[in-house]
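Structure file protein.cif (mmCIF, C-alpha atoms and all ligand atoms) is printed below.
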```cif
data_work
#
loop_
_atom_site.label_atom_id
_atom_site.label_comp_id
_atom_site.auth_asym_id
_atom_site.auth_seq_id
_atom_site.Cartn_x
_atom_site.Cartn_y
_atom_site.Cartn_z
CA MET A 7 39.99 -42.70 13.04
CA LEU A 8 38.66 -39.18 13.26
CA ILE A 9 36.98 -37.82 10.12
CA LEU A 10 36.13 -34.11 9.91
CA GLU A 11 34.43 -32.39 7.00
CA CYS A 12 36.36 -29.26 6.10
CA PRO A 13 33.79 -26.44 5.92
CA TYR A 14 35.91 -24.62 3.33
CA CYS A 15 36.53 -27.23 0.65
CA GLY A 16 33.88 -29.78 1.64
CA VAL A 17 36.34 -32.68 1.78
CA LYS A 18 35.66 -35.39 4.35
CA ALA A 19 39.22 -35.40 5.60
CA GLU A 20 40.61 -38.11 7.81
CA GLU A 21 42.94 -37.25 10.63
CA THR A 22 46.21 -37.62 8.73
CA GLU A 23 45.17 -34.89 6.32
CA LEU A 24 44.58 -32.49 9.22
CA HIS A 25 46.63 -30.75 11.87
CA ALA A 26 45.24 -30.28 15.38
CA GLY A 27 45.31 -26.67 16.56
CA GLY A 28 44.23 -27.08 20.18
CA GLU A 29 41.33 -25.60 22.07
CA ALA A 30 38.92 -23.28 20.26
CA HIS A 31 37.61 -19.83 21.11
CA ILE A 32 40.49 -18.72 23.33
CA LYS A 33 40.51 -15.01 23.99
CA ARG A 34 43.94 -13.48 23.72
CA PHE A 35 45.40 -11.40 26.53
CA GLY A 36 48.52 -9.54 25.46
CA PRO A 37 50.58 -6.56 26.57
CA GLY A 38 48.83 -4.49 29.23
CA SER A 39 46.74 -7.38 30.57
CA SER A 40 46.95 -8.62 34.16
CA ASP A 41 49.35 -11.43 35.03
CA ASP A 42 46.39 -13.66 35.91
CA ASP A 43 44.67 -13.11 32.57
CA PHE A 44 47.92 -13.63 30.69
CA GLU A 45 48.68 -16.85 32.57
CA THR A 46 45.17 -18.17 31.92
CA TYR A 47 45.44 -17.30 28.24
CA LEU A 48 48.78 -19.05 27.89
CA PHE A 49 48.40 -22.14 30.04
CA GLN A 50 44.85 -22.89 31.21
CA ARG A 51 43.01 -25.33 28.99
CA GLU A 52 39.86 -27.40 29.26
CA ASN A 53 40.38 -31.15 29.53
CA PRO A 54 36.84 -32.39 29.10
CA MET A 55 35.55 -35.94 29.08
CA GLY A 56 32.88 -35.40 26.45
CA VAL A 57 31.98 -32.32 24.44
CA HIS A 58 34.96 -30.31 23.23
CA PHE A 59 35.54 -27.48 20.78
CA GLU A 60 38.79 -27.44 18.86
CA ARG A 61 40.68 -25.72 16.08
CA TRP A 62 41.89 -27.83 13.19
CA ARG A 63 43.75 -27.00 10.01
CA HIS A 64 43.21 -28.76 6.69
CA VAL A 65 46.96 -28.79 6.26
CA ASN A 66 47.25 -31.44 3.53
CA GLY A 67 44.37 -29.90 1.67
CA CYS A 68 42.96 -26.43 1.18
CA GLY A 69 45.15 -25.08 4.01
CA LYS A 70 42.31 -23.39 5.91
CA TRP A 71 41.77 -23.30 9.66
CA PHE A 72 38.34 -24.29 10.92
CA HIS A 73 36.52 -25.25 14.11
CA ALA A 74 35.20 -28.66 15.13
CA ALA A 75 32.82 -29.76 17.88
CA ARG A 76 33.25 -33.37 18.95
CA SER A 77 33.18 -35.76 21.86
CA THR A 78 36.55 -36.69 23.32
CA THR A 79 35.17 -39.98 24.63
CA THR A 80 33.27 -41.36 21.63
CA LEU A 81 34.92 -39.36 18.82
CA GLU A 82 31.41 -38.46 17.65
CA VAL A 83 31.62 -35.30 15.57
CA PHE A 84 28.78 -32.82 16.11
CA GLY A 85 29.91 -30.57 13.31
CA THR A 86 32.58 -28.33 11.84
CA TYR A 87 32.24 -24.61 11.27
CA SER A 88 33.98 -21.48 10.07
CA ALA A 89 37.11 -20.17 11.77
CA ARG A 90 35.61 -16.69 11.61
CA THR A 91 33.51 -16.83 14.73
CA PHE A 92 34.04 -16.28 18.45
CA GLU A 93 31.67 -19.03 19.50
CA PRO A 94 29.97 -22.11 18.03
CA PRO A 95 26.89 -21.45 15.86
CA GLN A 96 23.51 -22.13 17.47
CA GLU A 97 22.90 -24.97 15.01
CA ILE A 98 25.94 -26.87 16.36
CA LYS A 99 24.93 -26.24 19.97
CA ASP A 100 21.42 -27.53 19.19
CA LYS A 101 22.87 -30.70 17.66
CA ILE A 102 24.91 -31.35 20.80
CA THR A 103 21.91 -30.72 23.03
CA ALA A 104 19.88 -33.22 21.00
CA ARG A 105 22.56 -35.86 21.54
CA LEU A 106 23.75 -34.98 25.04
CA PRO A 107 21.18 -32.99 26.99
CA GLY A 108 22.77 -31.07 29.85
CA TRP A 109 26.22 -30.77 28.25
CA SER A 110 28.44 -27.87 29.19
CA TRP A 111 31.84 -26.49 28.13
CA ARG A 112 33.36 -23.41 29.73
CA ASP A 113 30.40 -21.01 29.93
CA LEU A 114 28.52 -22.67 27.07
CA SER A 115 25.71 -25.15 27.51
CA MET B 332 69.35 -20.77 -24.99
CA SER B 333 70.07 -23.48 -22.43
CA ASP B 334 67.76 -26.47 -22.04
CA LEU B 335 65.17 -26.38 -19.32
CA ALA B 336 65.95 -28.75 -16.43
CA THR B 337 62.99 -30.29 -14.63
CA ALA B 338 63.45 -31.96 -11.25
CA LEU B 339 63.96 -35.47 -12.61
CA ASP B 340 64.76 -34.78 -16.26
CA GLY B 341 61.54 -36.43 -17.43
CA ALA B 342 62.03 -39.71 -15.55
CA SER B 343 59.53 -42.47 -16.29
CA PHE B 344 58.58 -45.91 -15.03
CA ASP B 345 56.47 -48.68 -16.52
CA GLY B 346 54.61 -50.74 -13.97
CA LEU B 347 50.94 -51.21 -13.13
CA VAL B 348 50.66 -47.75 -14.65
CA LYS B 349 53.04 -45.64 -16.67
CA VAL B 350 54.52 -42.95 -14.42
CA GLU B 351 56.11 -39.99 -16.18
CA GLU B 352 57.52 -36.72 -14.97
CA LEU B 353 55.93 -34.01 -17.09
CA HIS B 354 58.30 -31.81 -18.96
CA ALA B 355 57.79 -28.26 -17.76
CA GLN B 356 54.16 -27.65 -16.92
CA GLY B 357 53.30 -23.94 -16.66
CA MET B 358 51.54 -23.13 -13.36
CA ILE B 359 50.36 -19.83 -11.91
CA THR B 360 48.99 -19.55 -8.39
CA LEU B 361 46.17 -17.03 -8.09
CA ARG B 362 44.58 -15.80 -4.90
CA GLY B 363 41.72 -13.38 -4.69
CA ASP B 364 38.07 -12.88 -3.85
CA PHE B 365 35.99 -15.34 -5.91
CA GLY B 366 32.91 -13.31 -5.00
CA ASP B 367 34.31 -10.30 -6.85
CA PRO B 368 33.15 -10.35 -10.49
CA GLY B 369 36.19 -8.21 -11.40
CA PHE B 370 38.56 -10.95 -10.21
CA VAL B 371 36.64 -13.76 -11.91
CA THR B 372 36.29 -11.88 -15.20
CA ALA B 373 39.98 -10.99 -15.30
CA VAL B 374 41.09 -14.55 -14.52
CA THR B 375 38.73 -16.36 -16.89
CA GLY B 376 39.45 -13.77 -19.58
CA VAL B 377 43.20 -14.33 -19.48
CA ALA B 378 42.99 -18.09 -18.87
CA GLU B 379 40.30 -18.60 -21.53
CA VAL B 380 38.84 -21.28 -19.27
CA SER B 381 35.64 -20.95 -17.27
CA MET B 382 35.64 -20.55 -13.49
CA PRO B 383 35.62 -23.89 -11.61
CA GLY B 384 33.25 -24.49 -8.73
CA GLN B 385 34.28 -25.97 -5.37
CA ARG B 386 37.08 -28.55 -5.96
CA GLY B 387 36.51 -28.23 -9.70
CA ALA B 388 39.18 -28.92 -12.31
CA ILE B 389 38.40 -27.43 -15.69
CA VAL B 390 41.08 -28.44 -18.15
CA ASP B 391 40.72 -27.59 -21.82
CA GLY B 392 43.74 -28.59 -23.86
CA ARG B 393 46.82 -26.94 -22.43
CA ARG B 394 44.90 -24.46 -20.32
CA GLY B 395 43.17 -25.24 -17.07
CA LEU B 396 41.86 -23.73 -13.86
CA LEU B 397 41.92 -25.78 -10.67
CA TRP B 398 39.99 -24.82 -7.51
CA MET B 399 42.56 -25.09 -4.73
CA SER B 400 40.69 -23.39 -1.86
CA PRO B 401 37.88 -20.82 -1.50
CA ASP B 402 40.38 -18.10 -2.45
CA GLU B 403 43.04 -19.91 -4.47
CA LEU B 404 43.24 -21.18 -8.05
CA LEU B 405 45.97 -22.90 -10.00
CA LEU B 406 46.14 -21.86 -13.63
CA LEU B 407 47.66 -24.45 -15.96
CA CYS B 408 49.31 -23.39 -19.21
CA THR B 409 52.44 -24.16 -21.20
CA TYR B 410 55.75 -23.41 -19.52
CA ALA B 411 56.58 -20.76 -22.12
CA GLU B 412 53.36 -18.79 -21.75
CA ALA B 413 53.35 -18.78 -17.91
CA PRO B 414 55.36 -15.54 -17.52
CA ILE B 415 53.32 -13.91 -20.30
CA LEU B 416 49.98 -14.87 -18.72
CA ALA B 417 51.25 -13.82 -15.27
CA ALA B 418 52.08 -10.36 -16.65
CA LYS B 419 48.66 -10.14 -18.32
CA LEU B 420 46.98 -11.14 -15.06
CA ASP B 421 49.02 -8.58 -13.13
CA ALA B 422 47.81 -5.92 -15.54
CA ALA B 423 44.19 -7.11 -15.56
CA LEU B 424 44.09 -7.27 -11.75
CA ALA B 425 45.95 -4.02 -11.08
CA GLY B 426 44.58 -2.29 -8.00
CA GLN B 427 42.81 -5.41 -6.72
CA HIS B 428 43.81 -7.24 -3.54
CA CYS B 429 45.11 -10.48 -5.02
CA LEU B 430 48.16 -12.60 -5.73
CA VAL B 431 49.61 -13.77 -9.05
CA ALA B 432 52.69 -15.97 -8.83
CA ASN B 433 54.34 -18.04 -11.56
CA VAL B 434 55.17 -21.24 -9.66
CA SER B 435 56.17 -23.38 -12.66
CA ASP B 436 59.72 -23.86 -11.36
CA ALA B 437 58.61 -24.45 -7.76
CA ARG B 438 56.54 -27.53 -8.59
CA ALA B 439 56.97 -30.90 -10.23
CA CYS B 440 54.25 -32.74 -12.16
CA PHE B 441 53.72 -36.40 -12.90
CA THR B 442 51.23 -38.21 -15.08
CA LEU B 443 49.86 -41.67 -14.45
CA ASN B 444 48.36 -43.67 -17.27
CA GLY B 445 46.85 -47.13 -17.11
CA ALA B 446 43.92 -49.07 -15.78
CA TYR B 447 45.38 -49.12 -12.25
CA THR B 448 45.63 -45.32 -11.95
CA ARG B 449 42.93 -45.10 -9.27
CA GLU B 450 44.47 -47.94 -7.32
CA VAL B 451 47.97 -46.45 -7.35
CA LEU B 452 46.62 -43.16 -5.97
CA ALA B 453 44.46 -44.95 -3.42
CA LYS B 454 47.55 -46.66 -2.00
CA LEU B 455 49.20 -43.32 -1.28
CA ALA B 456 46.44 -40.84 -0.41
CA PRO B 457 43.68 -40.96 2.25
CA VAL B 458 41.09 -40.44 -0.49
CA ASP B 459 38.16 -42.58 -1.60
CA MET B 460 39.17 -43.26 -5.20
CA SER B 461 36.04 -45.24 -6.15
CA ARG B 462 34.26 -44.10 -9.31
CA ASP B 463 31.23 -43.08 -7.25
CA SER B 464 33.12 -40.55 -5.20
CA PHE B 465 35.93 -39.19 -7.38
CA GLY B 466 35.92 -38.57 -11.10
CA PRO B 467 37.33 -36.41 -13.86
CA GLY B 468 36.55 -32.72 -13.37
CA GLU B 469 37.52 -32.74 -9.70
CA VAL B 470 40.86 -31.80 -8.13
CA ARG B 471 41.93 -33.20 -4.78
CA ARG B 472 44.54 -31.58 -2.58
CA THR B 473 45.80 -34.15 -0.14
CA ARG B 474 49.00 -35.97 0.79
CA LEU B 475 50.89 -38.72 -0.99
CA ALA B 476 52.40 -40.70 1.90
CA GLN B 477 54.19 -37.93 3.81
CA VAL B 478 54.09 -34.95 1.47
CA ALA B 479 51.42 -32.56 0.21
CA ALA B 480 50.22 -33.05 -3.35
CA ALA B 481 47.24 -32.40 -5.59
CA PHE B 482 45.87 -34.56 -8.37
CA TRP B 483 43.06 -34.76 -10.87
CA LEU B 484 41.96 -37.39 -13.33
CA THR B 485 42.76 -36.60 -16.95
CA SER B 486 40.63 -39.52 -18.19
CA ASP B 487 39.11 -42.60 -16.64
CA ASP B 488 42.53 -44.24 -16.54
CA GLY B 489 44.87 -41.29 -16.30
CA ALA B 490 45.82 -38.68 -13.70
CA GLN B 491 48.11 -35.72 -13.24
CA ILE B 492 49.87 -34.98 -9.96
CA VAL B 493 51.44 -31.74 -8.72
CA CYS B 494 53.88 -31.62 -5.81
CA PHE B 495 56.68 -29.40 -4.59
CA ARG B 496 59.78 -29.68 -6.74
CA SER B 497 61.89 -30.35 -3.64
CA VAL B 498 60.02 -33.64 -3.04
CA ALA B 499 59.84 -34.72 -6.70
CA GLU B 500 62.22 -37.64 -6.24
CA TYR B 501 60.36 -38.84 -3.13
CA VAL B 502 57.03 -38.71 -4.98
CA PHE B 503 58.46 -40.47 -8.04
CA ASN B 504 59.81 -43.26 -5.82
CA LEU B 505 56.42 -43.54 -4.08
CA LEU B 506 54.67 -43.83 -7.42
CA LYS B 507 57.14 -46.46 -8.57
CA ALA B 508 56.59 -48.51 -5.40
CA ALA B 509 52.79 -48.18 -5.59
CA SER B 510 52.81 -49.32 -9.20
CA ALA B 511 55.32 -52.15 -8.81
CA PRO B 512 54.32 -55.09 -11.02
CA GLY B 513 52.58 -57.77 -8.95
CA SER B 514 51.29 -55.30 -6.36
CA GLU B 515 47.79 -54.94 -7.77
CA VAL B 516 45.00 -55.06 -5.16
CA ASP B 517 42.10 -55.23 -7.63
CA PHE B 518 39.67 -53.59 -5.23
CA LEU B 519 38.77 -50.42 -7.12
ZN ZN C 601 39.68 -27.95 3.29
#
```

Mind converting the file's structure to structure tokens?
Amino acid sequence: MLILECPYCGVKAEETELHAGGEAHIKRFGPGSSDDDFETYLFQRENPMGVHFERWRHVNGCGKWFHAARSTTTLEVFGTYSARTFEPPQEIKDKITARLPGWSWRDLS
Amino acid sequence: MSDLATALDGASFDGLVKVEELHAQGMITLRGDFGDPGFVTAVTGVAEVSMPGQRGAIVDGRRGLLWMSPDELLLLCTYAEAPILAAKLDAALAGQHCLVANVSDARACFTLNGAYTREVLAKLAPVDMSRDSFGPGEVRRTRLAQVAAAFWLTSDDGAQIVCFRSVAEYVFNLLKAASAPGSEVDFL
């Protein structure tokens, strides 16, 4: 059972109160972009064994979208954070480094 | 004037707890910037209830303010005064970026009363209903089995539930099943 603390209402919500929103921090490429960029934006996703960053929505709750950093192998949650950011806060990255030195995800490490 | 029809016409059930559909609760959804003193002053002025903190439920008689999200409140009042308060709020908040919507007819409300209130809710919602973690003064938006709902404790052995009117019968049946005589767990 995955339990994520919603950073907006502070509820420790278990999985059935949440809706998974897929990979986090995806940059949109729309009209005018190259075919390669558009294809990557639409279809290319990370499939990590370990550290992952995701979007979740507290759907049966306050209704807000937020971000979560967790391990796909152990379900350890490193933290949740605001939806209003383009990348994870330093504090979350430091927590991951403390647990899993040498981790990387896309161009983050 | 014709009689007001609630979703289940005030249905009730006596089991581990007494389940009753509330007759016509007034409810106004408010959205705005809680950091803006103008918004807070207008809302608390019209509601005559103080501003709740995160997940707070401040209920004083027939009036109440429930914290639904960082930018959403639910104002409780009588059914009759809901349109009047909504108009007052519209006037008090004129020019501000916010939402005032009378949702009294879009929702259904139930009350639970009895010593097993916490247990009945715990059977249906993924919420720790122990006294240490949930008490009066707090509102919880969650799900009851498969539908969204919110509830708060009205006393140590009573609760009020809000759900969408379209799922009122489903929720009533859930509450009946969870409070069926003989189904007590006696954990909480
Ligand atoms: Zn939330």

Shell of 12 Å around region 478-480 of chain B, all atoms listed in the file, local chain residues under 5 positions omitted, as JSON, numbers by chain: {"A": [22, 23, 24, 64, 65, 66, 67, 68, 69], "B": [399, 438, 439, 440, 441, 452, 455, 456, 457, 470, 471, 472, 473, 491, 492, 493, 494, 495, 496, 497, 498, 499, 500, 501, 502, 503, 505]}

Which residue is closest to ligand ZN 601 (chain C)? Choose from A:Ala30, A:Ala74, A:Cys15, A:Ile98 and count all atoms listed in the file.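 Of A:Ala30, A:Ala74, A:Cys15, A:Ile98, the one nearest ligand ZN 601 (chain C), counting all atoms listed in the file, is A:Cys15.
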
- Item | Close residues, region 106-108 of chain A itself excluded, 12 Å, only C-alpha atoms, min 2 positions apart in chain, as a PyMOL selection string | chain A and resi 56-57+76-77+80+82+84+99-104+110-111+114-115

Practice task
Could you check which of B:Asp334, B:Glu351, B:Asp364, B:Asp402 is closest to ligand ZN 601 (chain C), using only C-alpha atoms and all ligand atoms?
Solution key: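 Among B:Asp334, B:Glu351, B:Asp364, B:Asp402, it is B:Asp402 that comes nearest to ligand ZN 601 (chain C).
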
#### Entry: Distance of CA of Thr442 (chain B) from CA of Asp463 (chain B), expressed in Å to one decimal place
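That distance, rounded to one decimal, is 22.0 Å.
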
What gap, in Å, lies between CA of Ala355 (chain B) and CA of Pro512 (chain B)?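 Computed distance, CA of Ala355 (chain B) to CA of Pro512 (chain B), equals 27.9 Å.
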
Discussion item. I need the residue nearest ligand ZN 601 (chain C) from this list: A:Phe49, A:Phe72, A:Trp109, A:Phe92. Use all atoms listed in the file for the distance.
Written reply: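 Nearest to ligand ZN 601 (chain C): A:Phe72.
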
Residue contacts of Gly445 (chain B) (12 Å, all atoms listed in the file) excluding same-chain residues fewer than 2 positions away, as a list in words:
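So the residues in contact are Phe344, Asp345, Gly346, Leu347, Val348, Lys349, Val350, Glu351, Thr442, Leu443, Tyr447, Thr448, Arg449, Glu450, Val451, Leu452, Leu484, Thr485, Ser486, Asp487, Asp488, Gly489, Ala490 and Ser510 of chain B.
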
Need the shell around region 430-433 of chain B: protein/DNA/RNA residues with any atom at most 12 Å away, counting only C-alpha atoms. Skip same-chain ones fewer than 2 positions apart. Format as a PyMOL selection string? chain B and resi 356-364+370+373-374+402-428+435-438

Preceding selection exported with C-alpha atoms as a compact mmCIF listing (two decimals), in the coordinates of the input:
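Contents of the output file again_21.txt:
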```txt
# COMPACT_ATOMS: atom_id res chain seq x y z
CA GLN B 356 54.16 -27.65 -16.92
CA GLY B 357 53.30 -23.94 -16.66
CA MET B 358 51.54 -23.13 -13.36
CA ILE B 359 50.36 -19.83 -11.91
CA THR B 360 48.99 -19.55 -8.39
CA LEU B 361 46.17 -17.03 -8.09
CA ARG B 362 44.58 -15.80 -4.90
CA GLY B 363 41.72 -13.38 -4.69
CA ASP B 364 38.07 -12.88 -3.85
CA PHE B 370 38.56 -10.95 -10.21
CA ALA B 373 39.98 -10.99 -15.30
CA VAL B 374 41.09 -14.55 -14.52
CA ASP B 402 40.38 -18.10 -2.45
CA GLU B 403 43.04 -19.91 -4.47
CA LEU B 404 43.24 -21.18 -8.05
CA LEU B 405 45.97 -22.90 -10.00
CA LEU B 406 46.14 -21.86 -13.63
CA LEU B 407 47.66 -24.45 -15.96
CA CYS B 408 49.31 -23.39 -19.21
CA THR B 409 52.44 -24.16 -21.20
CA TYR B 410 55.75 -23.41 -19.52
CA ALA B 411 56.58 -20.76 -22.12
CA GLU B 412 53.36 -18.79 -21.75
CA ALA B 413 53.35 -18.78 -17.91
CA PRO B 414 55.36 -15.54 -17.52
CA ILE B 415 53.32 -13.91 -20.30
CA LEU B 416 49.98 -14.87 -18.72
CA ALA B 417 51.25 -13.82 -15.27
CA ALA B 418 52.08 -10.36 -16.65
CA LYS B 419 48.66 -10.14 -18.32
CA LEU B 420 46.98 -11.14 -15.06
CA ASP B 421 49.02 -8.58 -13.13
CA ALA B 422 47.81 -5.92 -15.54
CA ALA B 423 44.19 -7.11 -15.56
CA LEU B 424 44.09 -7.27 -11.75
CA ALA B 425 45.95 -4.02 -11.08
CA GLY B 426 44.58 -2.29 -8.00
CA GLN B 427 42.81 -5.41 -6.72
CA HIS B 428 43.81 -7.24 -3.54
CA SER B 435 56.17 -23.38 -12.66
CA ASP B 436 59.72 -23.86 -11.36
CA ALA B 437 58.61 -24.45 -7.76
CA ARG B 438 56.54 -27.53 -8.59
```

- Message: Restricting the calculation to only C-alpha atoms and all ligand atoms: of A:Asp42, A:Thr91, A:Thr79, A:Arg63, which residue gets closest to ligand ZN 601 (chain C)?
- Response: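 Selected residue with least distance to ligand ZN 601 (chain C): A:Arg63.
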
Tell me which of B:Gly341, B:Gly392, B:Pro401, B:Val458 sits closest to ligand ZN 601 (chain C), counting only C-alpha atoms and all ligand atoms.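 Among the listed residues, B:Pro401 lies closest to ligand ZN 601 (chain C).
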
### Best match for closeness to ligand ZN 601 (chain C) among B:Cys429, B:Gln385, B:Phe365, B:Ala476, counting all atoms listed in the file
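Selected residue with least distance to ligand ZN 601 (chain C): B:Gln385.
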
Practice prompt. Mind giving me the straight-line distance from CA of Arg51 (chain A) to CA of Glu29 (chain A) in Å, one decimal?
Written response: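 Rounded to one decimal, the two atoms are 7.1 Å apart.
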
Using the file's own x, y and z axes, what box holds all listed atoms of region 34-53 of chain A with 8 Å on each side, keeping edges along x, y and z, and what are its centre and edge lengths in Å to one decimal, as AutoDock Vina command-line options?
```
--center_x 45.2 --center_y -17.8 --center_z 29.8 --size_x 26.7 --size_y 42.7 --size_z 28.2
```
